[in-house]
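With mmCIF, C-alpha atoms inside, this is final_36.cif:
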```cif
data_entry
loop_
_atom_site.group_PDB
_atom_site.id
_atom_site.type_symbol
_atom_site.label_atom_id
_atom_site.label_comp_id
_atom_site.auth_asym_id
_atom_site.auth_seq_id
_atom_site.Cartn_x
_atom_site.Cartn_y
_atom_site.Cartn_z
ATOM 1 C CA MET A 14 143.353 131.333 113.974
ATOM 2 C CA LEU A 15 144.527 127.770 114.570
ATOM 3 C CA GLY A 16 146.403 127.127 117.800
ATOM 4 C CA VAL A 17 149.745 125.315 117.876
ATOM 5 C CA ASP A 18 150.549 122.629 120.424
ATOM 6 C CA ARG A 19 154.094 123.328 121.608
ATOM 7 C CA ALA A 20 154.364 120.415 124.038
ATOM 8 C CA MET A 21 156.985 118.748 121.804
ATOM 9 C CA ARG A 22 160.365 120.335 122.521
ATOM 10 C CA TYR A 23 162.279 118.694 119.658
ATOM 11 C CA LEU A 24 161.227 118.016 116.085
ATOM 12 C CA PRO A 25 162.059 114.376 115.285
ATOM 13 C CA ILE A 26 163.759 114.197 111.884
ATOM 14 C CA LEU A 27 166.027 111.818 109.980
ATOM 15 C CA VAL A 28 168.965 113.630 108.392
ATOM 16 C CA ASP A 29 170.809 112.595 105.229
ATOM 17 C CA LEU A 30 174.518 112.949 106.088
ATOM 18 C CA ALA A 31 175.944 110.952 103.200
ATOM 19 C CA GLY A 32 179.150 112.673 102.134
ATOM 20 C CA ARG A 33 178.628 115.565 104.569
ATOM 21 C CA ALA A 34 181.405 116.871 106.808
ATOM 22 C CA CYS A 35 180.859 116.388 110.547
ATOM 23 C CA LEU A 36 182.984 117.170 113.588
ATOM 24 C CA VAL A 37 183.578 115.239 116.801
ATOM 25 C CA VAL A 38 185.502 117.019 119.539
ATOM 26 C CA GLY A 39 186.883 114.411 121.898
ATOM 27 C CA ALA A 40 188.220 110.944 121.210
ATOM 28 C CA GLY A 41 187.247 108.733 124.136
ATOM 29 C CA ALA A 42 184.806 105.830 124.206
ATOM 30 C CA ILE A 43 181.687 108.012 123.932
ATOM 31 C CA ALA A 44 183.174 110.030 121.078
ATOM 32 C CA ALA A 45 184.053 106.790 119.307
ATOM 33 C CA ARG A 46 180.404 105.713 119.390
ATOM 34 C CA LYS A 47 179.420 109.019 117.805
ATOM 35 C CA VAL A 48 182.011 108.491 115.086
ATOM 36 C CA GLU A 49 180.595 105.020 114.434
ATOM 37 C CA GLN A 50 177.072 106.405 114.131
ATOM 38 C CA LEU A 51 178.193 109.115 111.738
ATOM 39 C CA LEU A 52 180.080 106.614 109.611
ATOM 40 C CA ALA A 53 177.021 104.378 109.488
ATOM 41 C CA ALA A 54 175.150 107.366 108.029
ATOM 42 C CA GLY A 55 177.836 107.892 105.377
ATOM 43 C CA ALA A 56 179.313 111.088 106.835
ATOM 44 C CA ARG A 57 182.889 112.324 106.576
ATOM 45 C CA VAL A 58 184.170 112.759 110.116
ATOM 46 C CA THR A 59 186.918 114.916 111.576
ATOM 47 C CA VAL A 60 187.942 114.098 115.146
ATOM 48 C CA VAL A 61 189.796 116.740 117.153
ATOM 49 C CA ALA A 62 191.267 115.886 120.570
ATOM 50 C CA THR A 63 194.467 116.219 122.536
ATOM 51 C CA ARG A 64 194.293 112.522 123.505
ATOM 52 C CA ILE A 65 193.155 109.883 121.028
ATOM 53 C CA GLY A 66 191.485 106.715 122.298
ATOM 54 C CA THR A 67 192.132 103.249 120.929
ATOM 55 C CA ARG A 68 188.770 102.847 119.217
ATOM 56 C CA VAL A 69 189.024 106.173 117.379
ATOM 57 C CA THR A 70 192.509 105.191 116.234
ATOM 58 C CA GLU A 71 191.119 101.904 114.917
ATOM 59 C CA LEU A 72 188.292 103.644 113.068
ATOM 60 C CA ALA A 73 190.676 106.118 111.457
ATOM 61 C CA ALA A 74 192.941 103.289 110.329
ATOM 62 C CA ALA A 75 190.008 101.332 108.899
ATOM 63 C CA THR A 76 188.294 104.035 106.847
ATOM 64 C CA PRO A 77 189.414 107.101 104.878
ATOM 65 C CA SER A 78 186.185 108.831 105.943
ATOM 66 C CA VAL A 79 187.726 109.561 109.359
ATOM 67 C CA ARG A 80 190.399 112.216 109.826
ATOM 68 C CA VAL A 81 192.027 112.585 113.243
ATOM 69 C CA GLU A 82 193.783 115.755 114.372
ATOM 70 C CA GLN A 83 195.545 115.373 117.710
ATOM 71 C CA ARG A 84 195.501 118.931 119.008
ATOM 72 C CA ALA A 85 193.348 121.379 120.916
ATOM 73 C CA TYR A 86 189.970 122.373 119.478
ATOM 74 C CA ARG A 87 189.818 125.647 117.534
ATOM 75 C CA PRO A 88 186.633 127.588 116.659
ATOM 76 C CA GLU A 89 187.433 127.309 112.957
ATOM 77 C CA ASP A 90 187.007 123.540 113.251
ATOM 78 C CA LEU A 91 183.277 124.251 112.904
ATOM 79 C CA ASP A 92 183.720 125.817 109.470
ATOM 80 C CA GLY A 93 181.830 123.930 106.782
ATOM 81 C CA VAL A 94 180.464 121.114 108.969
ATOM 82 C CA ALA A 95 176.851 119.962 108.854
ATOM 83 C CA LEU A 96 176.738 119.094 112.539
ATOM 84 C CA ALA A 97 179.056 118.499 115.470
ATOM 85 C CA PHE A 98 179.415 116.518 118.669
ATOM 86 C CA ALA A 99 181.125 117.836 121.775
ATOM 87 C CA ALA A 100 182.261 114.783 123.739
ATOM 88 C CA THR A 101 184.957 116.042 126.089
ATOM 89 C CA ASP A 102 185.292 115.946 129.876
ATOM 90 C CA ASP A 103 186.025 119.691 130.057
ATOM 91 C CA PRO A 104 182.893 121.726 131.008
ATOM 92 C CA ALA A 105 184.470 125.019 129.922
ATOM 93 C CA LEU A 106 185.361 123.586 126.531
ATOM 94 C CA GLN A 107 181.907 122.060 126.153
ATOM 95 C CA GLU A 108 180.348 125.463 126.822
ATOM 96 C CA ALA A 109 182.689 127.227 124.407
ATOM 97 C CA ILE A 110 181.861 124.774 121.627
ATOM 98 C CA ALA A 111 178.144 125.152 122.314
ATOM 99 C CA VAL A 112 178.303 128.951 122.175
ATOM 100 C CA GLN A 113 180.399 128.970 119.003
ATOM 101 C CA ALA A 114 178.257 126.363 117.258
ATOM 102 C CA ARG A 115 175.106 128.313 118.085
ATOM 103 C CA ALA A 116 176.642 131.515 116.720
ATOM 104 C CA ALA A 117 177.707 129.717 113.544
ATOM 105 C CA GLY A 118 174.321 128.063 113.018
ATOM 106 C CA ILE A 119 175.839 124.578 113.389
ATOM 107 C CA TRP A 120 173.730 121.787 114.861
ATOM 108 C CA LEU A 121 175.487 120.561 118.008
ATOM 109 C CA ASN A 122 175.060 117.681 120.397
ATOM 110 C CA ALA A 123 176.929 118.129 123.669
ATOM 111 C CA VAL A 124 176.924 114.600 125.054
ATOM 112 C CA ASP A 125 174.698 114.186 128.146
ATOM 113 C CA GLU A 126 174.182 117.969 128.358
ATOM 114 C CA PRO A 127 170.785 118.748 126.773
ATOM 115 C CA GLU A 128 170.973 122.363 127.946
ATOM 116 C CA ARG A 129 173.928 122.860 125.570
ATOM 117 C CA CYS A 130 172.427 120.914 122.655
ATOM 118 C CA SER A 131 170.666 122.155 119.559
ATOM 119 C CA PHE A 132 169.782 118.520 118.826
ATOM 120 C CA VAL A 133 169.650 115.394 120.960
ATOM 121 C CA MET A 134 170.452 111.854 119.908
ATOM 122 C CA PRO A 135 167.721 109.255 120.316
ATOM 123 C CA ALA A 136 168.243 105.650 121.282
ATOM 124 C CA ILE A 137 168.331 103.894 117.907
ATOM 125 C CA LEU A 138 166.967 100.504 116.903
ATOM 126 C CA ASP A 139 168.503 99.772 113.500
ATOM 127 C CA ARG A 140 166.831 97.044 111.455
ATOM 128 C CA ASP A 141 168.035 98.358 108.117
ATOM 129 C CA PRO A 142 166.097 99.644 106.273
ATOM 130 C CA LEU A 143 163.796 100.085 109.291
ATOM 131 C CA VAL A 144 165.038 102.608 111.856
ATOM 132 C CA VAL A 145 163.215 103.286 115.119
ATOM 133 C CA ALA A 146 164.353 106.260 117.210
ATOM 134 C CA VAL A 147 163.307 106.739 120.834
ATOM 135 C CA SER A 148 163.849 109.983 122.711
ATOM 136 C CA THR A 149 162.988 111.410 126.113
ATOM 137 C CA SER A 150 163.970 114.898 124.849
ATOM 138 C CA GLY A 151 167.257 114.582 126.699
ATOM 139 C CA ALA A 152 165.622 113.964 130.090
ATOM 140 C CA SER A 153 166.724 110.347 130.505
ATOM 141 C CA PRO A 154 168.860 108.622 127.866
ATOM 142 C CA ALA A 155 168.871 105.512 130.077
ATOM 143 C CA LEU A 156 165.084 105.250 129.873
ATOM 144 C CA ALA A 157 165.173 105.829 126.116
ATOM 145 C CA ARG A 158 167.603 102.922 125.788
ATOM 146 C CA ARG A 159 165.325 100.720 127.896
ATOM 147 C CA ILE A 160 162.326 101.536 125.697
ATOM 148 C CA ARG A 161 164.427 100.799 122.613
ATOM 149 C CA ASP A 162 165.432 97.427 124.058
ATOM 150 C CA ASP A 163 161.795 96.613 124.813
ATOM 151 C CA LEU A 164 160.898 97.454 121.210
ATOM 152 C CA ASP A 165 163.783 95.279 120.022
ATOM 153 C CA GLU A 166 162.057 92.308 121.620
ATOM 154 C CA THR A 167 158.690 93.260 120.131
ATOM 155 C CA LEU A 168 159.581 94.163 116.550
ATOM 156 C CA GLY A 169 160.601 90.992 114.764
ATOM 157 C CA PRO A 170 162.406 90.683 111.406
ATOM 158 C CA GLU A 171 159.067 90.790 109.610
ATOM 159 C CA TYR A 172 158.989 94.571 110.099
ATOM 160 C CA ALA A 173 162.193 95.090 108.128
ATOM 161 C CA ALA A 174 160.898 92.633 105.514
ATOM 162 C CA ALA A 175 157.714 94.699 105.245
ATOM 163 C CA VAL A 176 159.760 97.829 104.591
ATOM 164 C CA ASP A 177 161.675 96.020 101.844
ATOM 165 C CA THR A 178 158.444 94.766 100.280
ATOM 166 C CA LEU A 179 156.806 98.172 100.218
ATOM 167 C CA ALA A 180 159.983 99.880 99.015
ATOM 168 C CA LYS A 181 160.007 97.630 95.942
ATOM 169 C CA LEU A 182 156.380 98.494 95.274
ATOM 170 C CA ARG A 183 157.130 102.215 95.622
ATOM 171 C CA GLY A 184 159.723 101.801 92.887
ATOM 172 C CA ARG A 185 157.180 100.078 90.656
ATOM 173 C CA TYR A 186 154.023 102.146 91.037
ATOM 174 C CA ALA A 187 153.490 105.859 90.424
ATOM 175 C CA PRO A 188 153.076 108.042 93.534
ATOM 176 C CA GLY A 189 149.731 109.494 94.485
ATOM 177 C CA PRO A 190 146.654 108.921 96.646
ATOM 178 C CA ARG A 191 145.798 105.645 94.912
ATOM 179 C CA ARG A 192 149.197 104.161 95.711
ATOM 180 C CA GLN A 193 148.976 105.371 99.293
ATOM 181 C CA ALA A 194 145.550 103.769 99.730
ATOM 182 C CA ALA A 195 146.755 100.529 98.157
ATOM 183 C CA PHE A 196 149.716 100.318 100.521
ATOM 184 C CA MET A 197 147.424 100.890 103.495
ATOM 185 C CA ARG A 198 145.264 97.979 102.313
ATOM 186 C CA ILE A 199 148.346 95.774 102.108
ATOM 187 C CA VAL A 200 149.528 96.691 105.585
ATOM 188 C CA ASP A 201 146.083 96.517 107.178
ATOM 189 C CA GLY A 202 145.270 93.319 105.304
ATOM 190 C CA GLY A 203 147.837 91.267 107.186
ATOM 191 C CA LEU A 204 151.221 91.870 105.564
ATOM 192 C CA LEU A 205 153.127 91.543 108.836
ATOM 193 C CA ASP A 206 151.323 88.343 109.803
ATOM 194 C CA ALA A 207 152.057 86.826 106.401
ATOM 195 C CA LEU A 208 155.739 87.757 106.572
ATOM 196 C CA ARG A 209 155.982 86.543 110.169
ATOM 197 C CA GLY A 210 154.601 83.181 109.078
ATOM 198 C CA GLY A 211 156.763 82.971 105.961
ATOM 199 C CA ASP A 212 153.638 82.886 103.795
ATOM 200 C CA GLY A 213 154.927 84.302 100.527
ATOM 201 C CA ARG A 214 151.775 83.266 98.693
ATOM 202 C CA ARG A 215 149.635 85.367 101.003
ATOM 203 C CA VAL A 216 151.959 88.341 100.518
ATOM 204 C CA ASP A 217 151.564 88.032 96.747
ATOM 205 C CA GLU A 218 147.772 87.810 97.100
ATOM 206 C CA LEU A 219 147.647 90.958 99.216
ATOM 207 C CA ILE A 220 149.758 92.871 96.714
ATOM 208 C CA ALA A 221 147.761 91.669 93.710
ATOM 209 C CA ALA A 222 144.437 92.543 95.327
ATOM 210 C CA ALA A 223 145.546 96.007 96.430
ATOM 211 C CA CYS A 224 147.601 97.088 93.430
ATOM 212 C CA THR A 225 145.478 95.938 90.506
ATOM 213 C CA GLY A 226 144.983 98.874 88.172
ATOM 214 C CA LEU A 227 147.624 101.135 89.745
ATOM 215 C CA PRO A 228 149.639 103.123 87.169
ATOM 216 C CA GLU A 229 153.234 102.043 87.030
ATOM 217 C CA GLN A 230 156.241 104.365 87.187
ATOM 218 C CA ALA A 231 157.275 103.839 83.564
ATOM 219 C CA ALA A 232 153.810 104.695 82.331
ATOM 220 C CA ALA A 233 153.616 107.756 84.593
ATOM 221 C CA GLY A 234 156.962 108.985 83.302
ATOM 222 C CA GLY A 235 156.039 108.468 79.664
ATOM 223 C CA THR A 236 158.889 106.041 78.939
#
```
So that I can check it, write out the structure of this file as structure tokens.
Amino acid sequence: MLGVDRAMRYLPILVDLAGRACLVVGAGAIAARKVEQLLAAGARVTVVATRIGTRVTELAAATPSVRVEQRAYRPEDLDGVALAFAATDDPALQEAIAVQARAAGIWLNAVDEPERCSFVMPAILDRDPLVVAVSTSGASPALARRIRDDLDETLGPEYAAAVDTLAKLRGRYAPGPRRQAAFMRIVDGGLLDALRGGDGRRVDELIAAACTGLPEQAAAGGT
């Protein structure tokens, strides 16, 4: 029987929240950053708090995807949400939200309290469409941010350009082992160096050499 390495506490995943309902309890500066991140992912956000900060007010005024309810949190606020953030300065309230979210099967991040979290937020380097997430499994968000900043200096714009290039090829060629091998040849053949140097001709040569003979999507679909 195969053994399982359980050294990794959290499973790193990227979640599609477009159009999904999410909850933020709290409306201070930290809560506002969570609202901004959720909006960037296309979520619909409800903010519940007895005091509403300036930035949350601005976000609500700027987008219909944010609904603000200035009142105390209620357990039913968790109904129907995909995930939630607890970002208050009340330990008892944080614990209550964590217990209720766990009972309801709702993914919860209690800010800076990994013991109350069912998921933790990584430090994010966003080079759309490239996203790099760095996590210390909740042990040290400050260190995660430092690692992210170091990567920011290392990963130039050619990495995002490489993602764009390969995404276009994915839309052109049919999926399968041959496409996967071809893309590896492009990447290993110097795609990043060519993009870094602005050598479009070399990029075209790499693609032509690797993709010759690949079935295209239209042919694979019979249209």
For this session: Could you tell me which residues the PyMOL selection byres ((chain A and resi 61) around 6) grabs in this file, written as a PyMOL selection string?
Result: chain A and resi 38+60+62+82-83
For this session: Can you turn the PyMOL selection byres ((chain A and resi 163-179) around 7) into a concrete residue list for this file, as an NGL selection string?
Result: :A and (138 or 140-143 or 159-162 or 180-183 or 205 or 208-209)
Exercise. In Å, with one decimal, what is the gap from atom CA of Asp125 of chain A to atom CA of Ser78 of chain A?
Worked result: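 Taking atom CA of Asp125 of chain A and atom CA of Ser78 of chain A, their separation equals 25.6 Å.
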Using only the atoms of segment 157-164 of chain A listed in the file, plus 5 Å on each side, state the axis-aligned box centre and edge lengths in Å rounded to one decimal, as JSON.
```
{"center_x": 164.3, "center_y": 101.2, "center_z": 124.6, "size_x": 16.7, "size_y": 19.2, "size_z": 16.7}
```
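When only C-alpha atoms are used to measure the gap to Cys130 of chain A, the shortest distance among A:Thr63, A:Tyr23, A:Gly210, A:Ala155 belongs to A:Tyr23.
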For this session: Excluding Gly203 of chain A and any residue of its chain fewer than 3 positions from it, enumerate the residues within 9 Å of it, using all atoms listed in the file, and give them as an NGL selection string.
Result: :A and (198-200 or 206-208 or 215-216 or 219)
Problem set entry | Separation of atom CA of Gly41 of chain A from atom CA of Trp120 of chain A in Å |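 These two atoms are separated by 21.0 Å.
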Problem set entry | Counting only C-alpha atoms, the residue of A:Gly93, A:Pro25, A:Pro127, A:Gly213 that sits nearest Glu108 of chain A |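 Smallest separation from Glu108 of chain A among the options: A:Pro127.
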Exercise. Which residues, protein or nucleic acid, reach to within 12 Å of (182.5, 117.0, 108.7) in the file's coordinates when using all atoms listed in the file, and can you give that as an MDAnalysis selection string?
Worked result: chainID A and resid 30:38 48 51:52 55:61 78:81 90:98 119:120
Exercise. Which of these residues is nearest to Asp139 of chain A, using only C-alpha atoms: A:Ala123, A:Ala53, A:Ala100, A:Ile110?
Worked result: A:Ala53
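Atom pair atom CA of Val133 of chain A / atom CA of Gly66 of chain A: separated by 23.5 Å.
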Problem set entry | Test item: residues at most 9 Å from Phe196 of chain A, all atoms listed in the file, excluding those fewer than 5 positions along its chain, as a PyMOL selection string | chain A and resi 179+182+191+201+220+223-224
For this session: Taking the file above as input, evaluate the PyMOL selection byres ((chain A and resi 24) around 12) and report the hits as a list in words.
Result: Arg19, Ala20, Met21, Arg22, Tyr23, Pro25, Ile26, Leu27, Val28, Ser131, Phe132, Val133, Met134, Pro135, Ser148 and Ser150 of chain A
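Shortest separation to Pro190 of chain A among A:Ala157, A:Ala73, A:Ala117, A:Leu227 occurs at residue A:Leu227, atoms counted being only C-alpha atoms.
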Problem set entry | Counting only C-alpha atoms, the residue of A:Gly211, A:Arg185, A:Met197, A:Ala40 that sits nearest Glu229 of chain A |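 Nearest candidate to Glu229 of chain A out of A:Gly211, A:Arg185, A:Met197, A:Ala40: A:Arg185.
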